[in-house]
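Let me begin by presenting the structure, written as structure tokens, before commenting on it.
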Amino acid sequence: VSGPWPMWRDTIQVHGFEYIRVRFRADNPGVWFLHCHLAWHEYNGVAVVFVEAPGVLQQRQSVPEEMVEMCKRQGIPTQGNGAGNQGFDLSGLPPAVYPPS
């Protein structure tokens, strides 16, 4: 870690109606999950997945054929973005989940 104040932990507490800004050097290809540790928050979408350098990932790693077949059997797209489309087309995603009222 460079700089005079390295990060001490990988956990940040954010109180209600507050926010944080996260800055990081994006030089580690991979799929990184940033999430809340409360289960119902995670269930309701208080999480994000960063995909750093997807082109590099595709060159370095491959998905085992067993996993591809498992997705196909369940009707899960195996190409494209999170909705199985190209680019920023997210049509077809399920609707957002909201906490129970």
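Here's how to read the names in the structure tokens: chain A, B, ... by the order shown, residue numbers from 1 in each chain, ligand numbers from 1 in the order shown.
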Residue contacts of Leu93 of chain A (10 Å, only C-alpha atoms) excluding same-chain residues fewer than 2 positions away, as a VMD selection string: chain A and resid 82 to 85 89 to 91 95 to 96
Take the residues from that selection and put them in a file with all heavy atoms, as a compact mmCIF listing (two decimals), in the first residue's frame.
```txt
# COMPACT_ATOMS: atom_id res chain seq x y z
N GLY A 82 -24.93 -8.69 -17.70
CA GLY A 82 -25.74 -9.33 -16.66
C GLY A 82 -27.12 -9.73 -17.13
O GLY A 82 -27.74 -10.62 -16.56
N ALA A 83 -27.62 -9.08 -18.19
CA ALA A 83 -28.93 -9.42 -18.73
C ALA A 83 -28.81 -10.37 -19.92
O ALA A 83 -29.81 -10.76 -20.51
CB ALA A 83 -29.67 -8.15 -19.15
N GLY A 84 -27.58 -10.73 -20.27
CA GLY A 84 -27.38 -11.60 -21.43
C GLY A 84 -27.40 -10.84 -22.74
O GLY A 84 -27.48 -11.44 -23.80
N ASN A 85 -27.31 -9.50 -22.68
CA ASN A 85 -27.32 -8.65 -23.87
C ASN A 85 -25.92 -8.09 -24.10
O ASN A 85 -25.01 -8.31 -23.31
CB ASN A 85 -28.33 -7.51 -23.69
CG ASN A 85 -29.72 -8.03 -23.42
OD1 ASN A 85 -30.14 -9.04 -23.96
ND2 ASN A 85 -30.45 -7.34 -22.56
N ASP A 89 -27.20 -2.58 -22.80
CA ASP A 89 -28.60 -2.98 -22.91
C ASP A 89 -28.94 -3.93 -21.77
O ASP A 89 -28.55 -5.10 -21.79
CB ASP A 89 -28.85 -3.65 -24.27
CG ASP A 89 -30.27 -4.17 -24.41
OD1 ASP A 89 -31.12 -3.86 -23.56
OD2 ASP A 89 -30.52 -4.89 -25.39
N LEU A 90 -29.66 -3.42 -20.77
CA LEU A 90 -30.02 -4.24 -19.61
C LEU A 90 -31.48 -4.67 -19.65
O LEU A 90 -32.03 -5.10 -18.64
CB LEU A 90 -29.72 -3.47 -18.32
CG LEU A 90 -28.24 -3.13 -18.11
CD1 LEU A 90 -28.06 -2.32 -16.84
CD2 LEU A 90 -27.38 -4.38 -18.07
N SER A 91 -32.11 -4.57 -20.80
CA SER A 91 -33.51 -4.99 -20.90
C SER A 91 -33.60 -6.49 -20.61
O SER A 91 -32.72 -7.26 -20.94
CB SER A 91 -34.07 -4.67 -22.28
OG SER A 91 -33.34 -5.34 -23.29
N PRO A 95 -37.26 -7.18 -12.21
CA PRO A 95 -37.45 -5.88 -11.54
C PRO A 95 -36.67 -5.83 -10.24
O PRO A 95 -36.33 -6.85 -9.65
CB PRO A 95 -38.97 -5.84 -11.29
CG PRO A 95 -39.41 -7.26 -11.35
CD PRO A 95 -38.47 -7.96 -12.29
N ALA A 96 -36.39 -4.61 -9.78
CA ALA A 96 -35.67 -4.43 -8.52
C ALA A 96 -36.47 -4.98 -7.36
O ALA A 96 -37.69 -5.01 -7.40
CB ALA A 96 -35.38 -2.95 -8.31
```
Alpha helix (DSSP H) positions in segment 22-71 of chain A, given as a ChimeraX atom specification: /A:39-43,54-60,65-71
Near-segment 51-59 of chain A list (12 Å; only C-alpha atoms; drop same-chain fewer than 4 positions) as a list in words: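 Contacts, with the query itself left out: Phe24, Arg25, Ala26, Asp27, Asn28, Pro29, Gly30, Val31, Trp32, Phe33, Leu34, Val63, Gln79, Gly80, Asn81 and Gly82 of chain A.
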Output N, CA, C and O atoms for every residue in that selection, as a PDB file, in the first residue's frame.
```pdb
ATOM      1  N   PHE A  24     -10.054   3.558  -5.693  1.00  0.00           N
ATOM      2  CA  PHE A  24      -9.075   2.479  -5.694  1.00  0.00           C
ATOM      3  C   PHE A  24      -8.361   2.461  -7.028  1.00  0.00           C
ATOM      4  O   PHE A  24      -8.868   2.950  -8.034  1.00  0.00           O
ATOM      5  N   ARG A  25      -7.185   1.902  -7.024  1.00  0.00           N
ATOM      6  CA  ARG A  25      -6.416   1.741  -8.257  1.00  0.00           C
ATOM      7  C   ARG A  25      -6.916   0.474  -8.937  1.00  0.00           C
ATOM      8  O   ARG A  25      -6.816  -0.619  -8.386  1.00  0.00           O
ATOM      9  N   ALA A  26      -7.460   0.637 -10.127  1.00  0.00           N
ATOM     10  CA  ALA A  26      -8.048  -0.489 -10.854  1.00  0.00           C
ATOM     11  C   ALA A  26      -6.969  -1.167 -11.693  1.00  0.00           C
ATOM     12  O   ALA A  26      -6.906  -1.012 -12.905  1.00  0.00           O
ATOM     13  N   ASP A  27      -6.106  -1.930 -11.033  1.00  0.00           N
ATOM     14  CA  ASP A  27      -5.017  -2.598 -11.740  1.00  0.00           C
ATOM     15  C   ASP A  27      -4.914  -4.078 -11.379  1.00  0.00           C
ATOM     16  O   ASP A  27      -3.873  -4.683 -11.517  1.00  0.00           O
ATOM     17  N   ASN A  28      -6.012  -4.644 -10.897  1.00  0.00           N
ATOM     18  CA  ASN A  28      -6.007  -6.036 -10.483  1.00  0.00           C
ATOM     19  C   ASN A  28      -7.180  -6.741 -11.169  1.00  0.00           C
ATOM     20  O   ASN A  28      -8.283  -6.783 -10.622  1.00  0.00           O
ATOM     21  N   PRO A  29      -6.976  -7.284 -12.376  1.00  0.00           N
ATOM     22  CA  PRO A  29      -8.085  -7.898 -13.107  1.00  0.00           C
ATOM     23  C   PRO A  29      -8.804  -8.945 -12.267  1.00  0.00           C
ATOM     24  O   PRO A  29      -8.195  -9.752 -11.581  1.00  0.00           O
ATOM     25  N   GLY A  30     -10.113  -8.880 -12.303  1.00  0.00           N
ATOM     26  CA  GLY A  30     -10.906  -9.840 -11.552  1.00  0.00           C
ATOM     27  C   GLY A  30     -12.324  -9.341 -11.382  1.00  0.00           C
ATOM     28  O   GLY A  30     -12.702  -8.285 -11.873  1.00  0.00           O
ATOM     29  N   VAL A  31     -13.103 -10.131 -10.679  1.00  0.00           N
ATOM     30  CA  VAL A  31     -14.481  -9.791 -10.351  1.00  0.00           C
ATOM     31  C   VAL A  31     -14.506  -9.569  -8.849  1.00  0.00           C
ATOM     32  O   VAL A  31     -14.206 -10.475  -8.072  1.00  0.00           O
ATOM     33  N   TRP A  32     -14.860  -8.358  -8.440  1.00  0.00           N
ATOM     34  CA  TRP A  32     -14.772  -7.960  -7.046  1.00  0.00           C
ATOM     35  C   TRP A  32     -16.146  -7.575  -6.534  1.00  0.00           C
ATOM     36  O   TRP A  32     -16.854  -6.789  -7.132  1.00  0.00           O
ATOM     37  N   PHE A  33     -16.519  -8.125  -5.377  1.00  0.00           N
ATOM     38  CA  PHE A  33     -17.843  -7.957  -4.796  1.00  0.00           C
ATOM     39  C   PHE A  33     -17.756  -6.994  -3.619  1.00  0.00           C
ATOM     40  O   PHE A  33     -17.046  -7.246  -2.652  1.00  0.00           O
ATOM     41  N   LEU A  34     -18.464  -5.868  -3.683  1.00  0.00           N
ATOM     42  CA  LEU A  34     -18.545  -4.901  -2.600  1.00  0.00           C
ATOM     43  C   LEU A  34     -19.955  -4.976  -2.049  1.00  0.00           C
ATOM     44  O   LEU A  34     -20.924  -4.840  -2.801  1.00  0.00           O
ATOM     45  N   VAL A  63     -14.177 -20.260 -18.258  1.00  0.00           N
ATOM     46  CA  VAL A  63     -15.184 -20.870 -17.394  1.00  0.00           C
ATOM     47  C   VAL A  63     -15.220 -22.363 -17.704  1.00  0.00           C
ATOM     48  O   VAL A  63     -15.310 -22.748 -18.875  1.00  0.00           O
ATOM     49  N   GLN A  79     -23.326 -15.589 -22.326  1.00  0.00           N
ATOM     50  CA  GLN A  79     -22.569 -14.550 -23.024  1.00  0.00           C
ATOM     51  C   GLN A  79     -23.269 -13.219 -22.815  1.00  0.00           C
ATOM     52  O   GLN A  79     -24.464 -13.180 -22.519  1.00  0.00           O
ATOM     53  N   GLY A  80     -22.526 -12.136 -22.961  1.00  0.00           N
ATOM     54  CA  GLY A  80     -23.112 -10.810 -22.839  1.00  0.00           C
ATOM     55  C   GLY A  80     -22.973 -10.250 -21.435  1.00  0.00           C
ATOM     56  O   GLY A  80     -22.205 -10.745 -20.615  1.00  0.00           O
ATOM     57  N   ASN A  81     -23.768  -9.224 -21.140  1.00  0.00           N
ATOM     58  CA  ASN A  81     -23.719  -8.580 -19.833  1.00  0.00           C
ATOM     59  C   ASN A  81     -24.615  -9.322 -18.836  1.00  0.00           C
ATOM     60  O   ASN A  81     -25.054 -10.438 -19.102  1.00  0.00           O
ATOM     61  N   GLY A  82     -24.925  -8.687 -17.702  1.00  0.00           N
ATOM     62  CA  GLY A  82     -25.737  -9.330 -16.664  1.00  0.00           C
ATOM     63  C   GLY A  82     -27.118  -9.734 -17.126  1.00  0.00           C
ATOM     64  O   GLY A  82     -27.744 -10.619 -16.558  1.00  0.00           O
TER      65      GLY A  82
END
```
Long-range neighbours of Leu38 of chain A as a list in words, 12 Å cut-off, only C-alpha atoms, 5 positions minimum in chain: Gln13, Tyr43, Asn44, Gly45, Val46 and Ala47 of chain A
Polymer residues at most 12 Å from His15 of chain A, only C-alpha atoms, same-chain spacing of 4 or more positions, as an MDAnalysis selection string: chainID A and resid 19:20 36
